[in-house]
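Heads up, entry_2.txt below (compact mmCIF, C-alpha atoms):
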# COMPACT_ATOMS: atom_id res chain seq x y z
CA MET A 1 66.12 52.95 96.71
CA SER A 2 65.88 56.67 96.85
CA VAL A 3 68.36 59.08 98.28
CA LEU A 4 67.87 62.69 99.20
CA LEU A 5 70.88 64.97 98.94
CA PRO A 6 70.44 68.11 101.03
CA ALA A 7 73.03 70.84 100.51
CA SER A 8 72.70 72.51 103.91
CA LEU A 9 71.94 71.53 107.50
CA ALA A 10 68.70 73.53 107.46
CA GLU A 11 67.54 71.63 104.37
CA ALA A 12 68.59 68.30 105.90
CA LEU A 13 66.61 68.96 109.10
CA GLU A 14 63.51 70.06 107.19
CA THR A 15 63.69 67.01 104.96
CA LEU A 16 64.03 64.71 107.95
CA ALA A 17 61.17 66.44 109.79
CA ALA A 18 58.93 65.86 106.75
CA ASP A 19 59.89 62.15 106.57
CA PRO A 20 61.41 60.76 109.79
CA ASP A 21 61.59 57.29 108.18
CA LEU A 22 64.57 58.47 106.16
CA VAL A 23 67.82 56.82 107.24
CA PRO A 24 70.56 59.43 107.70
CA MET A 25 73.93 58.37 106.33
CA ALA A 26 77.44 59.80 106.26
CA GLY A 27 80.40 57.84 104.84
CA GLY A 28 78.46 54.59 104.39
CA THR A 29 81.17 52.33 105.80
CA ASP A 30 78.66 50.45 107.95
CA LEU A 31 75.76 50.56 105.51
CA LEU A 32 77.51 49.36 102.35
CA VAL A 33 79.10 46.20 103.76
CA HIS A 34 78.10 43.35 101.39
CA TRP A 35 75.79 45.86 99.73
CA PRO A 36 74.92 43.85 96.58
CA GLN A 37 73.57 40.99 98.74
CA HIS A 38 71.55 43.21 101.07
CA THR A 39 68.77 43.97 98.61
CA GLU A 40 66.33 44.68 101.45
CA LEU A 41 68.41 47.74 102.29
CA HIS A 42 68.01 48.97 98.71
CA GLU A 43 64.28 49.33 99.34
CA ARG A 44 64.76 52.04 101.94
CA SER A 45 65.09 55.80 101.56
CA TYR A 46 68.19 57.61 102.74
CA LEU A 47 69.13 61.12 103.75
CA ASP A 48 72.69 61.43 102.54
CA LEU A 49 74.61 64.10 104.44
CA SER A 50 77.75 64.10 102.29
CA GLY A 51 76.82 67.43 100.71
CA VAL A 52 76.30 69.21 104.05
CA GLU A 53 79.77 70.73 104.18
CA GLU A 54 79.11 72.67 107.37
CA LEU A 55 79.00 69.40 109.33
CA ARG A 56 82.55 68.35 108.37
CA PRO A 57 85.00 70.63 110.22
CA HIS A 58 86.05 70.20 113.82
CA ARG A 59 87.21 73.10 115.97
CA TRP A 60 89.07 73.78 119.20
CA GLU A 61 87.29 76.08 121.63
CA THR A 62 88.83 77.36 124.88
CA ASP A 63 87.42 74.54 126.95
CA GLU A 64 86.37 71.89 124.44
CA LEU A 65 87.03 70.15 121.16
CA VAL A 66 83.93 70.17 118.98
CA LEU A 67 83.68 67.41 116.38
CA GLY A 68 81.28 67.99 113.50
CA GLY A 69 78.60 65.49 112.53
CA LEU A 70 80.73 64.44 109.53
CA THR A 71 84.21 64.72 111.07
CA THR A 72 86.13 61.57 110.14
CA TYR A 73 88.68 59.56 112.10
CA TRP A 74 91.34 60.66 109.64
CA ASP A 75 90.49 64.35 110.18
CA ILE A 76 91.49 63.86 113.82
CA ILE A 77 94.53 61.69 113.04
CA GLU A 78 95.79 64.61 110.93
CA ASP A 79 95.36 67.09 113.81
CA GLN A 80 98.51 67.27 115.92
CA ARG A 81 96.64 68.95 118.79
CA ALA A 82 94.55 65.84 119.25
CA TRP A 83 97.71 63.71 119.53
CA ASN A 84 98.99 66.03 122.26
CA GLU A 85 95.84 66.67 124.19
CA LEU A 86 93.29 63.88 123.67
CA PRO A 87 95.49 60.96 122.61
CA LEU A 88 92.82 58.32 123.18
CA LEU A 89 90.96 59.75 120.19
CA ILE A 90 94.04 58.94 118.12
CA ASP A 91 94.45 55.47 119.67
CA ALA A 92 90.85 54.64 118.86
CA ALA A 93 90.85 56.19 115.39
CA ARG A 94 93.92 54.15 114.41
CA GLN A 95 92.15 50.96 115.41
CA VAL A 96 89.10 51.53 113.24
CA GLY A 97 89.55 49.20 110.27
CA SER A 98 92.36 50.66 108.19
CA ILE A 99 93.25 53.97 106.57
CA GLN A 100 90.66 53.25 103.85
CA ILE A 101 87.95 53.15 106.54
CA GLN A 102 89.41 55.91 108.72
CA THR A 103 89.20 58.37 105.82
CA ARG A 104 85.48 57.66 105.38
CA GLY A 105 84.06 56.72 108.76
CA SER A 106 82.76 59.46 111.05
CA TRP A 107 82.71 59.76 114.84
CA ALA A 108 79.01 60.62 114.77
CA GLY A 109 78.29 57.63 112.54
CA ASN A 110 80.09 55.43 115.05
CA ILE A 111 77.83 56.79 117.81
CA VAL A 112 74.50 56.32 116.02
CA ASN A 113 75.39 52.97 114.48
CA ALA A 114 75.47 51.98 118.15
CA SER A 115 77.57 48.86 117.81
CA PRO A 116 78.51 47.44 121.23
CA ALA A 117 82.00 47.01 119.72
CA ALA A 118 82.41 50.58 118.45
CA ASP A 119 85.99 51.86 118.71
CA GLY A 120 85.28 55.59 118.77
CA VAL A 121 82.50 55.55 121.36
CA PRO A 122 84.41 54.25 124.43
CA VAL A 123 87.14 56.88 124.25
CA LEU A 124 84.62 59.68 123.67
CA MET A 125 82.68 58.40 126.69
CA ALA A 126 85.83 58.25 128.83
CA TYR A 127 86.38 61.92 127.91
CA ASP A 128 82.79 62.82 129.00
CA ALA A 129 81.72 63.73 125.45
CA VAL A 130 78.29 65.27 124.91
CA VAL A 131 76.16 64.46 121.86
CA VAL A 132 74.48 67.46 120.25
CA LEU A 133 71.23 66.62 118.47
CA GLU A 134 69.36 69.00 116.21
CA SER A 135 65.95 68.95 114.58
CA THR A 136 63.57 71.61 113.33
CA ARG A 137 62.20 71.54 116.91
CA GLY A 138 65.50 72.77 118.29
CA ARG A 139 68.76 71.60 119.77
CA SER A 140 69.38 69.23 122.66
CA GLU A 141 72.45 67.85 124.34
CA VAL A 142 72.83 64.37 125.82
CA PRO A 143 75.91 63.09 127.65
CA LEU A 144 77.23 60.14 125.63
CA SER A 145 77.31 58.05 128.84
CA GLY A 146 73.51 58.39 129.00
CA PHE A 147 72.85 58.12 125.27
CA TYR A 148 72.24 54.36 125.06
CA SER A 149 69.52 52.42 126.84
CA GLY A 150 69.81 48.98 125.20
CA TYR A 151 71.17 47.20 122.15
CA LYS A 152 70.96 49.78 119.33
CA GLU A 153 68.56 51.80 121.48
CA MET A 154 69.47 55.43 121.96
CA ARG A 155 68.15 58.86 122.83
CA ARG A 156 67.89 60.10 119.29
CA SER A 157 64.44 60.88 117.88
CA PRO A 158 63.90 59.92 114.23
CA ASP A 159 63.84 63.59 113.20
CA GLU A 160 67.14 64.43 114.90
CA LEU A 161 70.66 64.49 113.50
CA VAL A 162 73.90 64.37 115.47
CA THR A 163 75.41 67.69 114.46
CA GLU A 164 78.24 67.99 116.98
CA ILE A 165 80.13 66.02 119.59
CA ARG A 166 81.54 68.19 122.37
CA VAL A 167 84.65 66.87 124.10
CA PRO A 168 85.78 68.77 127.22
CA ARG A 169 89.44 69.80 127.33
CA ARG A 170 90.79 68.67 130.70
CA ALA A 171 94.17 67.78 132.11
CA TYR A 172 94.39 63.98 132.41
CA ASP A 173 96.95 62.01 134.35
CA VAL A 174 95.61 58.62 133.26
CA GLN A 175 94.51 57.84 129.68
CA ILE A 176 94.25 54.21 128.62
CA PHE A 177 92.51 52.49 125.72
CA GLU A 178 92.82 48.75 125.25
CA LYS A 179 91.29 46.63 122.54
CA VAL A 180 91.40 42.85 122.42
CA GLY A 181 90.54 41.40 119.03
CA GLN A 182 91.33 38.40 116.87
CA ARG A 183 94.26 40.28 115.39
CA ARG A 184 95.54 43.84 115.53
CA ALA A 185 94.34 45.28 112.24
CA GLN A 186 90.88 45.13 110.74
CA ALA A 187 89.40 43.23 113.66
CA ILE A 188 86.21 43.87 115.56
CA THR A 189 86.70 44.14 119.31
CA LYS A 190 85.98 41.21 121.64
CA VAL A 191 86.73 43.19 124.78
CA GLY A 192 87.77 46.80 125.10
CA VAL A 193 88.22 49.29 127.89
CA ALA A 194 88.91 53.01 128.13
CA VAL A 195 90.07 54.59 131.40
CA THR A 196 90.77 58.21 132.23
CA ARG A 197 91.44 60.23 135.40
CA SER A 198 91.16 63.99 135.66
CA ASP A 199 89.92 66.51 138.23
CA ALA A 200 86.46 65.20 137.36
CA GLY A 201 87.46 61.78 138.67
CA TRP A 202 87.89 58.30 137.22
CA ARG A 203 86.05 57.16 134.12
CA VAL A 204 85.99 53.48 133.20
CA VAL A 205 84.19 52.51 130.00
CA ALA A 206 83.59 48.91 128.88
CA ASN A 207 83.45 48.22 125.19
CA SER A 208 82.13 45.13 123.41
CA VAL A 209 81.24 43.53 126.75
CA ALA A 210 77.62 44.60 127.29
CA PRO A 211 74.84 45.18 124.70
CA PHE A 212 76.02 48.78 124.46
CA VAL A 213 79.15 50.72 125.34
CA CYS A 214 78.78 51.88 128.94
CA ARG A 215 80.51 53.38 131.94
CA CYS A 216 81.27 51.12 134.89
CA PRO A 217 80.25 53.09 138.00
CA ALA A 218 80.98 50.28 140.48
CA VAL A 219 84.53 49.90 139.14
CA GLU A 220 84.93 53.69 139.17
CA ARG A 221 83.84 53.68 142.84
CA ILE A 222 86.56 51.16 143.71
CA LEU A 223 89.12 53.48 142.15
CA GLU A 224 87.72 56.64 143.75
CA GLN A 225 87.58 55.06 147.21
CA GLY A 226 90.91 53.29 146.96
CA THR A 227 89.35 49.94 147.81
CA GLU A 228 91.97 47.23 148.07
CA VAL A 229 92.21 45.01 144.97
CA ARG A 230 94.55 42.02 145.36
CA GLY A 231 93.97 40.39 141.99
CA SER A 232 91.85 40.66 138.87
CA ASP A 233 89.15 38.42 140.38
CA ASP A 234 88.50 41.09 143.02
CA LEU A 235 87.13 43.30 140.23
CA LEU A 236 84.60 40.71 138.99
CA PRO A 237 81.75 41.57 141.42
CA ALA A 238 81.93 45.25 140.44
CA ILE A 239 82.11 44.37 136.74
CA ARG A 240 79.03 42.12 137.11
CA GLU A 241 77.23 45.00 138.80
CA ASP A 242 78.11 47.34 135.94
CA VAL A 243 77.61 45.21 132.84
CA THR A 244 75.73 42.15 131.67
CA PRO A 245 78.33 40.49 129.48
CA ILE A 246 77.12 39.09 126.17
CA ASP A 247 77.73 35.85 124.27
CA ASP A 248 78.05 36.34 120.53
CA ILE A 249 79.98 35.08 117.52
CA ARG A 250 83.13 36.83 118.61
CA SER A 251 83.32 35.68 122.19
CA THR A 252 81.57 34.45 125.34
CA ALA A 253 80.28 36.36 128.36
CA GLU A 254 82.61 34.41 130.67
CA TYR A 255 85.66 35.27 128.58
CA ARG A 256 84.63 38.91 128.34
CA GLU A 257 84.23 39.58 132.05
CA LYS A 258 87.47 37.79 132.90
CA VAL A 259 89.47 39.60 130.24
CA LEU A 260 87.95 42.94 131.19
CA ALA A 261 88.98 42.33 134.83
CA ARG A 262 92.50 41.35 133.80
CA LEU A 263 92.92 44.30 131.45
CA LEU A 264 91.86 46.69 134.19
CA TYR A 265 94.00 45.03 136.85
CA HIS A 266 97.05 44.91 134.62
CA ASP A 267 96.68 48.53 133.48
CA LEU A 268 95.98 49.98 136.92
CA LEU A 269 98.45 47.97 138.99
CA ASP A 270 101.21 50.53 138.66
CA LEU A 271 98.87 53.52 138.91
CA CYS A 272 96.78 52.67 141.98
CA PRO A 273 98.45 52.10 145.37
CA SER A 274 95.35 50.12 146.42
CA PHE A 275 96.10 47.51 143.74
CA GLY A 276 98.56 44.86 144.83
CA MET B 1 68.01 67.85 95.61
CA SER B 2 67.22 64.50 94.01
CA ASP B 3 63.77 63.11 94.64
CA GLY B 4 61.76 60.01 93.81
CA ARG B 5 62.49 56.30 94.11
CA ASP B 6 65.29 54.90 91.98
CA ASP B 7 65.62 58.09 89.97
CA PRO B 8 69.08 58.21 88.44
CA ILE B 9 71.36 60.95 89.72
CA ARG B 10 73.45 62.94 87.26
CA ILE B 11 76.92 63.56 88.66
CA SER B 12 80.05 65.31 87.43
CA PHE B 13 83.45 64.60 88.92
CA THR B 14 87.11 64.47 87.95
CA LEU B 15 88.31 60.96 87.11
CA ASN B 16 92.06 60.52 86.64
CA GLY B 17 92.29 64.19 85.71
CA GLU B 18 89.43 64.12 83.19
CA PRO B 19 86.06 65.82 83.73
CA THR B 20 83.44 63.06 83.76
CA THR B 21 79.65 63.25 83.77
CA VAL B 22 77.46 60.15 84.22
CA GLU B 23 74.06 59.15 85.50
CA VAL B 24 74.21 56.76 88.44
CA SER B 25 71.62 54.72 90.24
CA PRO B 26 71.26 55.64 93.95
CA SER B 27 72.28 52.10 94.88
CA GLU B 28 75.35 51.97 92.63
CA ARG B 29 78.77 51.60 94.27
CA LEU B 30 81.76 53.58 93.04
CA LEU B 31 83.53 50.24 92.43
CA ASP B 32 80.84 49.10 89.98
CA LEU B 33 80.66 52.47 88.24
CA LEU B 34 84.40 52.35 87.62
CA ARG B 35 84.63 48.73 86.52
CA TYR B 36 81.46 48.05 84.61
CA ARG B 37 80.41 51.39 83.16
CA LEU B 38 83.63 53.36 82.82
CA GLY B 39 85.81 50.39 81.83
CA LEU B 40 88.47 50.92 84.50
CA THR B 41 88.91 47.29 85.49
CA GLY B 42 92.21 47.79 87.29
CA THR B 43 90.25 48.37 90.48
CA LYS B 44 89.38 44.89 91.81
CA GLU B 45 86.58 43.56 93.98
CA GLY B 46 87.71 41.24 96.74
CA CYS B 47 85.62 41.07 99.89
CA ALA B 48 82.90 43.70 99.30
CA GLU B 49 83.07 44.62 102.99
CA GLY B 50 85.94 47.07 103.33
CA GLU B 51 88.51 44.60 104.61
CA CYS B 52 90.73 43.53 101.74
CA GLY B 53 91.52 46.85 100.05
CA ALA B 54 91.65 45.40 96.50
CA CYS B 55 89.24 48.16 95.44
CA THR B 56 91.34 51.02 96.87
CA VAL B 57 91.12 54.31 94.94
CA TYR B 58 91.86 57.89 95.98
CA LEU B 59 88.95 60.18 96.76
CA ASP B 60 90.12 63.78 97.07
CA GLY B 61 93.61 62.37 97.46
CA LEU B 62 92.89 59.92 100.29
CA PRO B 63 92.73 56.11 99.98
CA VAL B 64 89.20 54.70 100.27
CA ASP B 65 87.57 51.33 99.61
CA SER B 66 85.45 51.96 96.51
CA CYS B 67 83.16 49.04 97.46
CA LEU B 68 81.89 51.15 100.37
CA VAL B 69 81.40 54.43 98.50
CA PRO B 70 78.01 55.23 96.98
CA ALA B 71 78.80 56.42 93.45
CA TYR B 72 76.76 59.62 93.80
CA GLN B 73 78.98 60.70 96.73
CA VAL B 74 81.86 61.48 94.35
CA ARG B 75 79.94 64.34 92.75
CA GLY B 76 82.18 67.39 92.49
CA ARG B 77 85.20 65.48 93.79
CA LEU B 78 88.49 64.01 92.56
CA VAL B 79 88.73 60.26 91.94
CA GLU B 80 91.99 58.56 90.98
CA THR B 81 92.39 54.88 90.13
CA ILE B 82 95.33 52.55 89.51
CA GLU B 83 95.13 53.51 85.81
CA SER B 84 96.33 57.02 86.75
CA LEU B 85 99.71 55.78 88.00
CA ASP B 86 102.88 55.69 85.93
CA PRO B 87 103.62 52.04 85.01
CA GLU B 88 107.36 52.74 85.20
CA GLY B 89 106.95 53.41 88.92
CA MET B 90 106.10 49.72 89.36
CA ALA B 91 109.69 48.56 88.86
CA HIS B 92 110.45 48.90 92.58
CA TYR B 93 107.73 46.41 93.34
CA HIS B 94 108.57 43.94 90.56
CA ALA B 95 112.15 43.85 91.75
CA ARG B 96 111.22 42.91 95.31
CA GLY B 97 108.48 40.30 95.04
CA THR B 98 105.67 42.65 96.02
CA THR B 99 103.27 40.87 93.69
CA GLN B 100 102.51 37.19 93.12
CA CYS B 101 99.03 36.21 91.93
CA GLY B 102 98.19 39.88 91.39
CA ALA B 103 94.64 40.00 92.76
CA CYS B 104 95.50 42.38 95.57
CA THR B 105 98.20 44.25 93.65
CA PRO B 106 96.26 47.26 92.31
CA GLY B 107 94.99 48.06 95.79
CA VAL B 108 98.39 47.40 97.36
CA VAL B 109 100.08 49.70 94.85
CA MET B 110 97.49 52.46 95.40
CA THR B 111 98.10 52.49 99.16
CA ALA B 112 101.86 52.09 98.67
CA GLU B 113 101.99 55.06 96.30
CA TRP B 114 99.96 57.12 98.74
CA ILE B 115 102.59 56.38 101.40
CA LEU B 116 105.36 57.42 98.99
CA ARG B 117 103.60 60.72 98.38
CA HIS B 118 102.92 61.33 102.08
CA ARG B 119 106.10 60.12 103.72
CA ASP B 120 105.70 62.62 106.59
CA ARG B 121 102.97 60.26 107.85
CA LEU B 122 105.78 57.77 108.57
CA GLU B 123 106.71 59.99 111.52
CA THR B 124 103.67 58.60 113.33
CA HIS B 125 102.77 55.42 111.44
CA THR B 126 104.73 52.41 110.22
CA VAL B 127 104.43 51.16 106.64
CA ARG B 128 102.80 48.02 108.06
CA GLU B 129 100.09 49.98 109.85
CA LEU B 130 99.29 52.04 106.77
CA MET B 131 99.15 48.84 104.69
CA ALA B 132 96.86 47.04 107.16
CA GLY B 133 93.84 47.58 104.93
CA ASN B 134 95.33 45.63 102.02
CA LEU B 135 95.13 41.89 102.46
CA CYS B 136 97.34 39.53 100.44
CA ARG B 137 97.20 35.71 100.39
CA CYS B 138 100.50 35.12 98.56
CA THR B 139 103.41 37.20 99.71
CA GLY B 140 103.25 36.87 103.48
CA TYR B 141 103.52 40.67 103.36
CA ASP B 142 107.32 40.82 103.62
CA GLY B 143 107.60 41.27 99.85
CA ILE B 144 105.09 44.11 100.01
CA ILE B 145 106.81 45.89 102.89
CA GLU B 146 110.24 45.42 101.28
CA GLY B 147 108.92 46.75 97.98
CA ILE B 148 107.60 49.90 99.63
CA GLU B 149 110.67 50.45 101.77
CA GLY B 150 112.83 49.91 98.68
CA ALA B 151 110.76 52.40 96.71
CA LEU B 152 111.10 54.93 99.53
CA GLU B 153 114.90 54.54 99.41
CA ASP B 154 115.09 54.52 95.59
CA ARG B 155 113.08 57.70 95.25
CA GLU B 156 114.99 59.37 98.06
CA ALA B 157 118.19 58.57 96.16
CA GLY B 158 116.75 60.20 93.14
Here is a file; write its structure as structure tokens.
Amino acid sequence: MSVLLPASLAEALETLAADPDLVPMAGGTDLLVHWPQHTELHERSYLDLSGVEELRPHRWETDELVLGGLTTYWDIIEDQRAWNELPLLIDAARQVGSIQIQTRGSWAGNIVNASPAADGVPVLMAYDAVVVLESTRGRSEVPLSGFYSGYKEMRRSPDELVTEIRVPRRAYDVQIFEKVGQRRAQAITKVGVAVTRSDAGWRVVANSVAPFVCRCPAVERILEQGTEVRGSDDLLPAIREDVTPIDDIRSTAEYREKVLARLLYHDLLDLCPSFG
Amino acid sequence: MSDGRDDPIRISFTLNGEPTTVEVSPSERLLDLLRYRLGLTGTKEGCAEGECGACTVYLDGLPVDSCLVPAYQVRGRLVETIESLDPEGMAHYHARGTTQCGACTPGVVMTAEWILRHRDRLETHTVRELMAGNLCRCTGYDGIIEGIEGALEDREAG
């Protein structure tokens, strides 16, 4: 195994441009799981970003929160403004593993690891976050809701790094994040959902249901149009239009679509006059 | 910048208050560096996947699972292990059944002591939530929670 340790973003981007096979890494909480047994991973070469200090801080701009490429969950848990203004970030961060993981894991790492069961991604997507990618070729921005195209497939070129995540600051009157797992702590999600409503409209994001975290436009349309929903089963056709539920070791497709429908129905019953 | 396959990386960091310089392999975990090369065997390996917390140490003052930290990432930083804690501070835990077989205990005590030093975090989090990353097969957790809550009261009292 070899590891390259750039000390600045410019050096990191040049190094990656010269060898796009390098695997970028931040805290390592996904990579190092059962590390001694995964000898095949020791054969690869890594671009370790831990020395690129400029990627760590997050900042509040007038109209957005900007997370750095190395901003951790704990960095946000320690920021009282996030509790007040974007509480779903806190809800999600607290559900990632435990404090020992929250202090090491990064929001950007959660995005590019591209797990369908990611905890950070659904709430960022429900807040209309934008992924900022940089390479020596320049800078591009991709809405997180359009970032994934399949299981672990995403719009990141091998020479690009996620350097920022831009989260708009809006007034929300609905903010919900639900996670169903085997137990509360340290569990990977079986079914999750994030819902927000602002002047920009409803956002419904399904987590751990499809091969990647995704918005549910058909469900959002039901909410926008005030279509009558008399029970959780009424949401199933829209859910089936939006996601192709997966069977895996944690759950079945049938369970996932039913639980997603029930979570949504239960959470929205008191908020939507069209639900009864 | 380090270059070349498997080249060792020379790192300096502060370990339990002492300046430390070692050469590490790129694939070496902080847990293994501590236990097998620096002789600090108080830090335990349990699950090797960041679930059990037996390998908890502080990195720049925050609890981390040392099984998930590449050793070279501690360059220039502060690392504290269970060996840095005052043994007399353990009396709270002994008195309340916080430990049984002992396998999880170093990690439990590291997180517990972090809570004691950062009690303002209890305005937003419960002791149970902060302890969720330390698994224990013996106590059923009540002994752990009672030990920490007792220590919080004891130290408040003076």
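Taking CA of Val108 in chain B and CA of Gly150 in chain B as endpoints, the distance between them is 14.7 Å.
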Inset, instruction - Could you please determine the separation between CA of Gly276 in chain A and CA of Gly231 in chain A in Å, to one decimal place? - result: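 Those two atoms sit 7.0 Å apart.
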Inset, instruction - Using all atoms listed in the file, find the residues of chain A whose closest atom to chain B is at most 9 Å away, then write them as number ranges by chain. - result: A: 1-7, 27-36, 42-43, 45, 48, 50-51, 78, 94, 97-104, 185-186
As AutoDock Vina command-line options: centre and edge lengths in Å, one decimal, of the axis-aligned box holding range 69-78 of chain B with 4 Å per side:
--center_x 82.6 --center_y 60.9 --center_z 95.5 --size_x 19.7 --size_y 21.0 --size_z 14.0
Legend entry - 10 Å contact set for Asp128 in chain A, only C-alpha atoms, chain neighbours under 4 positions out, as a PyMOL selection string: chain A and resi 122-124+143-145+166-169+196+200+203
Inset, instruction - Go ahead and compute the interatomic distance for CA of Tyr172 in chain A and CA of Leu86 in chain A, in Å to one decimal. - result: 8.8 Å
Legend entry - Contact residues around range 77-89 of chain B with only C-alpha atoms at 8 Å, ignoring same-chain residues under 6 positions, as a PyMOL selection string: chain B and resi 13-17+40+42-43+56-61+106-107+109-110
Inset, instruction - Could you tell me which of A:Leu55, A:Val229, A:Cys216, A:Leu47 comes closest to Asp21 in chain A if we count all atoms listed in the file? - result: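 Nearest candidate to Asp21 in chain A out of A:Leu55, A:Val229, A:Cys216, A:Leu47: A:Leu47.
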Legend entry - Selection: 12 Å around Thr227 in chain A, all atoms listed in the file, excl. self and same-chain fewer than 4 positions, as a list of chain:residue names: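 Once the adjacent positions are removed, what remains is A:Ala218, A:Val219, A:Glu220, A:Arg221, A:Ile222, A:Leu223, A:Asp234, A:Leu235, A:Ala238, A:Cys272, A:Pro273, A:Ser274, A:Phe275, A:Gly276.
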Legend entry - Option closest in space to Val213 in chain A, from A:Gly109, A:Pro87, A:Pro245, A:Gly68 [counting only C-alpha atoms]: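 Selected residue with least distance to Val213 in chain A: A:Pro245.
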Inset, instruction - Using only C-alpha atoms, determine which residues lie at most 10 Å from Gly102 in chain B, disregarding the query and same-chain residues fewer than 3 positions distant; provide the list as a list in words. - result: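 Listed by chain and then number, they are Ala54, Thr98, Thr99, Thr105, Pro106, Gly107, Val108, Cys136, Arg137 and Cys138 of chain B.
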Legend entry - Spatial neighbours of Ile246 in chain A, 12 Å, only C-alpha atoms, chain gap at least 4 places, as a PyMOL selection string: chain A and resi 116-117+151+190-191+207-213+240+250-257
Legend entry - Neighbour residues at most 12 Å from (110.7, 53.5, 97.9) (all atoms listed in the file) as a ChimeraX atom specification: /B:89-93,95-96,109,112-119,127,144-158
Inset, instruction - Between B:Val22, B:Leu30, B:Leu122, B:Cys104, single out the one closest to Lys44 in chain B, counting only C-alpha atoms. - result: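 The shortest atom-to-atom distance to Lys44 in chain B comes from B:Cys104.
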Legend entry - Residue nearest Cys101 in chain B among B:Thr126, B:Thr139, B:Ser12, B:Arg35 (counting only C-alpha atoms):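 Going through B:Thr126, B:Thr139, B:Ser12, B:Arg35 one by one, the smallest distance to Cys101 in chain B is for B:Thr139.
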